[in-house]
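Novice: Sharing a structure with you now.
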Amino acid sequence: MNPFSYTRATDPQQATQATATNASAKFLAGGTNLIDLMKMGVERPTQLVDVNRLSLAQIEELPNGCGVRIGALARNSDVAQHPLIVQRYPVLSQALLAGASPQLRNLATTGGNLLQRTRCYYFYDPAFPQCNKRNPGSGCGALNGFNRIHAILGQSEQCIATNPSDMNVALAALDAVVQVQSAKGTRSIPIADFHRLPGDTPNVDTNLQADELITAVDLPAIPFATRSHYLKVRDRASYAFALVSVAVALDVQNGRINAARVALGGVAHKAWRAQKAEAALVGKTAGEKAFRAAAETELAAAKGYKHNSFKIELAKRAMVRALSTVAQMT
Amino acid sequence: MAETVNILGPARNRVDGRLKVTGAAKYSVEFQVPNCAYGWTVESNVAKGKILSIDTKSAQAAPGVLAIVTHLNAPKPKEPAAKKHRGQTDGIRNEERVPFSDDEIHYAGQYVALVVAKTIEQARYAASLVKVSYAPEEPLLTMNAAKSSATKPKGSFGPVQIKKGDVDLPLKGTSLTKIEQIYTTPTETHNPIEMSGTIAAWDRDDKLTLYDATQFVKGVQSVIARAWNLPIENVRVICPFVGGAFGCKGAVWPHVFAAAMGAKAAGVPVKMHVTRRNMFVGTGHRTPTTQTIALAATRDGKLRAMRHVSHIATSPVGDHVESCGARSTGMMYESPAIQVEETLHKINVASTTFMRAPGECPGTYALECAMDELAYALKMDPVQLRLTNYADNHPVKNVPFSAKHLKECYQVGAEKFGWAKRNPQPRSMRDGDLLGGWGMATKTYPAHKMEAAAKVMLRADGSATVQCAAHDLGTGAYTALTQIASEQLGVPFEKVKFELGDTDFPFGPVAGGSNTTGTVGTAIHEVAQLLHKALADLAVKDSESPLYNLSSNDIAMIAPGHIGSKIDNKKSDAYIDILRRAGRGSIEVQSELKEPEENKKMAFQSFGADFVEVKIDPLLPRVQVTRVVSVINCGRVVTFKPARNQIIGGINMGIGMALMEATEYDPQTGLPATRNLADYHVVTNADAPVIDVTFVGEPDFAFNPIGCRGIGEIGITGAAAAVASAIYHATGKRVRDLPITPDKLMDIA
């Protein structure tokens, strides 16, 4: 582990002051991913700014029925169990509970989960000489390597890593908005613009600036999100990253789909909002035929590799199953 | 058929349970040694080649660094001495090469430098500053690639290549029902929760103390003493608790040498805790296997020929031979012709070693899957096929099995499971939208006997301490051996203290081959006779004793705490009275180490049967094992609770093998890709089904005076085959390539 200094921030201004003056400083929240990566020598911050004492753990209703605000330091366990989330956004509660283990969820935060890095073996272990995300220009070890857990949508020749978060998939389906703050001020980033596709710069995961602190995630009011569901397909019954996952919310009136929210996990460099599938669903009669057609449309552009081609069909089936599950909710 | 009699010992709670749950049980790297420094390794990221140069300059200058060991400066032990003498008492190595002995790279992950620093963080950081350059060569990363240099090995425990009768004729003929299939298993890695680790502390130049997480303290002592040419008593190895091992702590691995070298180079004790990541390269794993099984049987299911051809691997500096065929097809069923072949490939991947039921585990997977396939080819019930080919005699050694009760295992298991209700038609037993399947398989593991001695101190207050350099891997050996000592010595369970895990104690064998309870139990039996004799010697000379003037040869233990005349049962004396009258605070005796007697007129082998239910969502096809019934015939069960626990653990490990366990390697560098507990999947509680365990049979006193044949390994055998067969029954698809992950079942919808 590289030597680093440690400071404990008492308010957001103080925290962002540290990152404004030191480009290789990092915020420390739950630490469940960052510390691991520091031990592996993947992350090498020279300074850790501990933000755990900031008052950013509240989960509360936004004024005027505009939705719910989740503080960046709200722990995954607390978010998953919170009545506002359980009642209004069950898809998010289910996604959080499908992730990691109770011990990890008790530590992991909302803001930290947004910044969780890929589980690509070639990224995670610096013994591998090739990884454009860890060491730009070195190549992608996964492309011709062991790529069972890798991307089928939106990837590039430079990087086929996936975003491992379950929470992000639900947030993508819910059109969440990420609130950030820096020494320069505050701004809001829609979830769709928060994470990036790899393109030629897979070393950059998100559009968050290095000096910016995530303060909250806002969930807009979506009345039909009470009819939502998260489906995760994995290699074992618990404590495994998704092979594919699906977050779904549906607005169905008299059997007809008025609106659909669909996002996929485990398939891309970011939680994959299935806009083509959504467009294909609207106006259709809810049923397996429409669901399968929508899934086919969304995955038409998918590309598999030596070990992960099965994910294309698996993603389609998972979409059909998740959509059917929500359609059958009363 | 014999009735199930007297095989279950009491259901004791673990004697070390409180120590473990309160954290008071001290594991090897938890010992506090004054001035202890920390070792961190640098590993090769090429799989084959030579080290060109190692730049340690900036690492050397990093804070806290005390020493950096490489092949250029290593305080080398006298390695050739360690190669010789591979008897049971001399320790085990599955990697011939001592670390840092030269510039050769044999596999990716090989240790190329050790950094010793004052803190673990300093050592880890400095290790990242060591720059190694290599002249890489084209590695051989798969068995296929290494085909041309493959050999037909001999095993270290019994024959590996077997030929009985002529298999070719029946396998070529047209009159018999035949199946021939290839079964493959991937590299599997042990992953005990306690990683390996060693603290090495030199006292001057010639005395070494090792706190080592090991299954064999005396073996480590022997290997290290011979390597450094030290008198054996100058090396002490201490290991009172082991947090799981499964075989990866049986041999002496490079980190043990490295800790001793680092301590020598730095002049302070050194602690080396093998990281989880390095447990995938530095402490062995189970070889990948490719096994081809051919069976030929008559219409009524009588086997006429069995052929089992296995391909296994180890590193260029490894020597482990996983005897898949001999330990399954070579002993399981009656057949006039049996051929077993084993081919060893040396590949540029880290060395292999024993892993729970080495040989039997992959071997029974392949054989029992093939038997299921044959049952379908014959349109015969799988249990009936096994009964049709039941072997009362060992089919190759041609001697009777001792106390074999496998028929009871099948019958009791089938009844408890409800096997009679099974519709053999694949995909016929649905549960709503789920596919359901039932499968079964035979389990087996041989009874092993090794050498051990024990020491007992009986005190005038009636308590006793028994010592043997044995091991408790988390299996419950402390409890089982306390129970045996209580019975054999005639001292209440609560008053016996059993001590193990220290080379200062009399010789104990490797905790491998499921031998500890029987082997150490036999030593306790022997030392108990010596104790009773010593008490008799005191009593016959004591005019106040009812046994005064009797011949001590006519005296034995007649009740707990009492010796008495074998001739006149009214004459007896209590241990505590004998010691009190003799003015003795205690009495101490020790048994002698001797080669165990082998009874060649019989074959000693444990058996069992697993019955398994799986449920599968055909569209999102992850397999869930929902129910297991397991019936085991292993002689006497000394303590029921830990024994049952061993079977449950073994079956869960077998479920992991069937469904998820695999160390995957990068095809380009040869580095393991799945090398942590998030990426290398073992079963979680959510994957573990309800497992109903029953023990049947009788104590096997022909094997040893305790009547037990061992319990640690049999649990995993057969389990993966039962799961795979249940998956076939559920889906109609045979997957012969483990693990059976969802991607392999995408076409069952």
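Quick note on naming: the chains in the structure tokens go A, B, ... in the order shown, residues restart at 1 in each chain, and ligands are numbered from 1 in order of appearance.
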For Leu171 of chain B, list every protein, DNA or RNA residue within 8 Å, evaluated using only C-alpha atoms, and leave out those in the same chain fewer than 2 positions away; present the list as a list in words.

Specialist: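 Near neighbours after the sequence-gap exclusion: Val167, Asp168, Leu169, Gly173, Leu176, Lys178, Ala294, Leu295, Ala296 and Ala305 of chain B.
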
Novice: Would you save the residues from that selection as a PDB file, in the first residue's frame, using N, CA and C atoms?

Specialist:
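Final output, saved to again05.pdb:
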```pdb
ATOM      1  N   VAL B 167      -9.833 -55.593 -20.744  1.00  0.00           N
ATOM      2  CA  VAL B 167     -10.985 -54.703 -20.929  1.00  0.00           C
ATOM      3  C   VAL B 167     -11.301 -54.496 -22.402  1.00  0.00           C
ATOM      4  N   ASP B 168     -10.314 -54.692 -23.256  1.00  0.00           N
ATOM      5  CA  ASP B 168     -10.481 -54.317 -24.668  1.00  0.00           C
ATOM      6  C   ASP B 168     -11.564 -55.126 -25.356  1.00  0.00           C
ATOM      7  N   LEU B 169     -11.549 -56.439 -25.122  1.00  0.00           N
ATOM      8  CA  LEU B 169     -12.501 -57.299 -25.826  1.00  0.00           C
ATOM      9  C   LEU B 169     -13.958 -56.924 -25.519  1.00  0.00           C
ATOM     10  N   GLY B 173     -16.662 -55.311 -28.142  1.00  0.00           N
ATOM     11  CA  GLY B 173     -17.716 -56.230 -28.595  1.00  0.00           C
ATOM     12  C   GLY B 173     -19.041 -55.521 -28.812  1.00  0.00           C
ATOM     13  N   LEU B 176     -22.656 -56.212 -25.640  1.00  0.00           N
ATOM     14  CA  LEU B 176     -22.837 -55.600 -24.329  1.00  0.00           C
ATOM     15  C   LEU B 176     -23.362 -54.176 -24.455  1.00  0.00           C
ATOM     16  N   LYS B 178     -22.804 -50.425 -23.599  1.00  0.00           N
ATOM     17  CA  LYS B 178     -21.563 -49.706 -23.303  1.00  0.00           C
ATOM     18  C   LYS B 178     -21.813 -48.204 -23.225  1.00  0.00           C
ATOM     19  N   ALA B 294     -14.932 -45.755 -19.671  1.00  0.00           N
ATOM     20  CA  ALA B 294     -15.668 -46.667 -20.545  1.00  0.00           C
ATOM     21  C   ALA B 294     -16.169 -47.823 -19.692  1.00  0.00           C
ATOM     22  N   LEU B 295     -17.456 -48.144 -19.828  1.00  0.00           N
ATOM     23  CA  LEU B 295     -18.052 -49.250 -19.094  1.00  0.00           C
ATOM     24  C   LEU B 295     -18.781 -50.159 -20.075  1.00  0.00           C
ATOM     25  N   ALA B 296     -18.701 -51.452 -19.817  1.00  0.00           N
ATOM     26  CA  ALA B 296     -19.475 -52.414 -20.608  1.00  0.00           C
ATOM     27  C   ALA B 296     -20.187 -53.345 -19.645  1.00  0.00           C
ATOM     28  N   ALA B 305     -16.507 -54.885 -18.037  1.00  0.00           N
ATOM     29  CA  ALA B 305     -15.244 -54.159 -18.199  1.00  0.00           C
ATOM     30  C   ALA B 305     -15.413 -52.722 -17.740  1.00  0.00           C
TER      31      ALA B 305
END
```

Novice: Check segment 142-206 of chain A with DSSP on the backbone and list each residue it calls helix (DSSP H, G or I), as a VMD selection string.

Specialist: chain A and resid 167 to 173 191 to 194

Novice: Between atom CA of Lys570 of chain B and atom CA of Ala528 of chain B, what distance in Å does the model show, to one decimal?

Specialist: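 Pair atom CA of Lys570 of chain B / atom CA of Ala528 of chain B returns 22.0 Å.
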
Novice: Calculate how many Å separate atom CA of Asp568 of chain B from atom CA of Ser486 of chain B, rounding to one decimal.

Specialist: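 Spanning atom CA of Asp568 of chain B to atom CA of Ser486 of chain B is a straight-line distance of 24.8 Å.
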
Novice: Show which residues sit within 12 Å of Ala15 of chain A, as an mmCIF file with N, CA and C atoms, in the first residue's frame. Count only C-alpha atoms, and ignore same-chain residues fewer than 6 positions away.

Specialist:
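The result, written out as part_9.cif:
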```cif
data_model
loop_
_atom_site.group_PDB
_atom_site.id
_atom_site.type_symbol
_atom_site.label_atom_id
_atom_site.label_comp_id
_atom_site.auth_asym_id
_atom_site.auth_seq_id
_atom_site.Cartn_x
_atom_site.Cartn_y
_atom_site.Cartn_z
ATOM 1 N N TYR A 6 -3.896 11.139 6.030
ATOM 2 C CA TYR A 6 -5.308 10.955 6.368
ATOM 3 C C TYR A 6 -5.826 12.203 7.066
ATOM 4 N N THR A 7 -6.926 12.726 6.551
ATOM 5 C CA THR A 7 -7.558 13.852 7.244
ATOM 6 C C THR A 7 -9.041 13.557 7.393
ATOM 7 N N ARG A 8 -9.615 14.093 8.444
ATOM 8 C CA ARG A 8 -11.034 13.853 8.688
ATOM 9 C C ARG A 8 -11.769 15.174 8.484
ATOM 10 N N ALA A 9 -12.678 15.179 7.534
ATOM 11 C CA ALA A 9 -13.412 16.412 7.236
ATOM 12 C C ALA A 9 -14.607 16.542 8.171
ATOM 13 N N THR A 21 -7.129 21.243 -3.619
ATOM 14 C CA THR A 21 -5.698 21.546 -3.561
ATOM 15 C C THR A 21 -4.825 20.331 -3.837
ATOM 16 N N ASN A 22 -5.396 19.142 -3.761
ATOM 17 C CA ASN A 22 -4.594 17.933 -4.014
ATOM 18 C C ASN A 22 -5.342 17.039 -5.001
ATOM 19 N N ALA A 25 -5.959 13.374 -4.051
ATOM 20 C CA ALA A 25 -6.669 13.058 -2.803
ATOM 21 C C ALA A 25 -7.957 12.311 -3.150
ATOM 22 N N LYS A 26 -8.395 11.468 -2.243
ATOM 23 C CA LYS A 26 -9.671 10.770 -2.462
ATOM 24 C C LYS A 26 -10.505 10.823 -1.197
ATOM 25 N N PHE A 27 -11.816 10.868 -1.407
ATOM 26 C CA PHE A 27 -12.721 10.814 -0.262
ATOM 27 C C PHE A 27 -12.837 9.370 0.214
ATOM 28 N N LEU A 28 -12.870 9.207 1.520
ATOM 29 C CA LEU A 28 -13.075 7.882 2.114
ATOM 30 C C LEU A 28 -14.448 7.855 2.768
ATOM 31 N N ALA A 29 -15.308 6.978 2.279
ATOM 32 C CA ALA A 29 -16.615 6.790 2.926
ATOM 33 C C ALA A 29 -16.620 5.408 3.569
ATOM 34 N N GLN A 47 -3.636 11.161 -0.379
ATOM 35 C CA GLN A 47 -4.351 11.673 0.785
ATOM 36 C C GLN A 47 -5.745 11.081 0.813
ATOM 37 N N LEU A 48 -6.170 10.638 1.990
ATOM 38 C CA LEU A 48 -7.549 10.209 2.161
ATOM 39 C C LEU A 48 -8.273 11.251 2.990
ATOM 40 N N VAL A 49 -9.376 11.718 2.464
ATOM 41 C CA VAL A 49 -10.195 12.680 3.191
ATOM 42 C C VAL A 49 -11.429 11.931 3.691
ATOM 43 N N ASP A 50 -11.446 11.646 4.957
ATOM 44 C CA ASP A 50 -12.524 10.860 5.553
ATOM 45 C C ASP A 50 -13.768 11.739 5.675
ATOM 46 N N VAL A 51 -14.820 11.358 4.963
ATOM 47 C CA VAL A 51 -16.049 12.173 4.976
ATOM 48 C C VAL A 51 -17.140 11.552 5.851
ATOM 49 N N ASN A 52 -16.788 10.513 6.593
ATOM 50 C CA ASN A 52 -17.820 9.801 7.354
ATOM 51 C C ASN A 52 -18.505 10.654 8.425
ATOM 52 N N ARG A 53 -17.835 11.739 8.867
ATOM 53 C CA ARG A 53 -18.443 12.582 9.907
ATOM 54 C C ARG A 53 -19.367 13.652 9.331
ATOM 55 N N LEU A 54 -19.425 13.778 8.023
ATOM 56 C CA LEU A 54 -20.313 14.796 7.442
ATOM 57 C C LEU A 54 -21.774 14.382 7.663
ATOM 58 N N GLN A 181 -20.886 18.605 -5.088
ATOM 59 C CA GLN A 181 -20.425 19.885 -4.560
ATOM 60 C C GLN A 181 -18.905 19.929 -4.658
ATOM 61 N N SER A 182 -18.412 21.113 -4.991
ATOM 62 C CA SER A 182 -16.964 21.299 -4.973
ATOM 63 C C SER A 182 -16.686 22.698 -4.451
ATOM 64 N N ALA A 183 -15.399 23.059 -4.396
ATOM 65 C CA ALA A 183 -15.046 24.407 -3.930
ATOM 66 C C ALA A 183 -15.672 25.455 -4.845
ATOM 67 N N ASP A 211 -12.343 16.808 -7.831
ATOM 68 C CA ASP A 211 -12.509 17.605 -6.606
ATOM 69 C C ASP A 211 -13.956 17.629 -6.123
ATOM 70 N N GLU A 212 -14.825 16.932 -6.830
ATOM 71 C CA GLU A 212 -16.250 17.004 -6.488
ATOM 72 C C GLU A 212 -16.656 15.928 -5.480
ATOM 73 N N LEU A 213 -17.486 16.336 -4.558
ATOM 74 C CA LEU A 213 -18.008 15.437 -3.535
ATOM 75 C C LEU A 213 -19.487 15.167 -3.828
ATOM 76 N N ILE A 214 -19.844 13.891 -3.842
ATOM 77 C CA ILE A 214 -21.265 13.555 -3.980
ATOM 78 C C ILE A 214 -21.933 13.838 -2.643
ATOM 79 N N THR A 215 -23.009 14.604 -2.656
ATOM 80 C CA THR A 215 -23.687 14.917 -1.392
ATOM 81 C C THR A 215 -25.014 14.174 -1.243
#
```

Novice: Got a sec to tell me which of segment 85-307 of chain A DSSP assigns to strand (DSSP E), as a PyMOL selection string?

Specialist: chain A and resi 177-182+185-190+213-219+228-233+244-253+256-265+272-273

Novice: Near chain B, meaning an atom within 10 Å, which residues of chain A appear when counting only C-alpha atoms? Write them as an NGL selection string.

Specialist: :A and (1-3 or 39-41 or 100 or 119-122 or 124-129 or 141-142 or 144-148 or 232-241 or 243 or 307-311 or 313-315 or 317-318 or 320-321)

Novice: Fewer than 4 positions away in the same chain doesn't count, so skip those; otherwise give me all residues within 8 Å of Ala258 of chain B, counting only C-alpha atoms, as a VMD selection string.

Specialist: chain B and resid 99 114 254 262

Novice: Neighbours of Lys566 of chain B within 8 Å (only C-alpha atoms; same-chain residues fewer than 4 positions away dropped), as a PyMOL selection string?

Specialist: chain B and resi 554-556+558

Novice: Could you write out that same residue set with N, CA and C atoms as a PDB file, in the first residue's frame?

Specialist:
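What ended up in again-v5.pdb:
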```pdb
ATOM      1  N   ASP B 554      -1.859 -59.820  35.359  1.00  0.00           N
ATOM      2  CA  ASP B 554      -3.245 -60.255  35.522  1.00  0.00           C
ATOM      3  C   ASP B 554      -4.180 -59.096  35.851  1.00  0.00           C
ATOM      4  N   ILE B 555      -3.632 -57.891  35.719  1.00  0.00           N
ATOM      5  CA  ILE B 555      -4.413 -56.723  36.114  1.00  0.00           C
ATOM      6  C   ILE B 555      -4.703 -55.851  34.887  1.00  0.00           C
ATOM      7  N   ALA B 556      -5.917 -55.327  34.849  1.00  0.00           N
ATOM      8  CA  ALA B 556      -6.310 -54.428  33.750  1.00  0.00           C
ATOM      9  C   ALA B 556      -7.335 -53.436  34.278  1.00  0.00           C
ATOM     10  N   ILE B 558     -10.777 -52.273  34.935  1.00  0.00           N
ATOM     11  CA  ILE B 558     -12.041 -53.015  35.001  1.00  0.00           C
ATOM     12  C   ILE B 558     -13.243 -52.082  35.038  1.00  0.00           C
TER      13      ILE B 558
END
```

Novice: Set the distance at 7 Å and use only C-alpha atoms: which residues neighbour segment 444-455 of chain B once local chain neighbours fewer than 3 positions away are removed? I'd like the list as a PyMOL selection string.

Specialist: chain B and resi 360+466-468+506-509+513-515+519-520+523-524+527+589-596+604-608+709-710+713-714+717

Novice: Taking 4 positions as the minimum chain separation for residues in the same chain, which residues sit within 12 Å of Gly199 of chain A when counting only C-alpha atoms? Answer as number ranges by chain.

Specialist: A: 132-133, 153-161, 203-205, 268-269

Novice: Return the single residue from B:Gly418, B:Pro170, B:Pro400, B:Gly330 that is closest to Met602 of chain B, with distances computed using only C-alpha atoms.

Specialist: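 Smallest separation from Met602 of chain B among the options: B:Pro400.
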
Novice: Atom CA of Ile655 of chain B and atom CA of Ala297 of chain B are how many Å apart?

Specialist: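 If I compute the distance from atom CA of Ile655 of chain B to atom CA of Ala297 of chain B, I get 29.3 Å.
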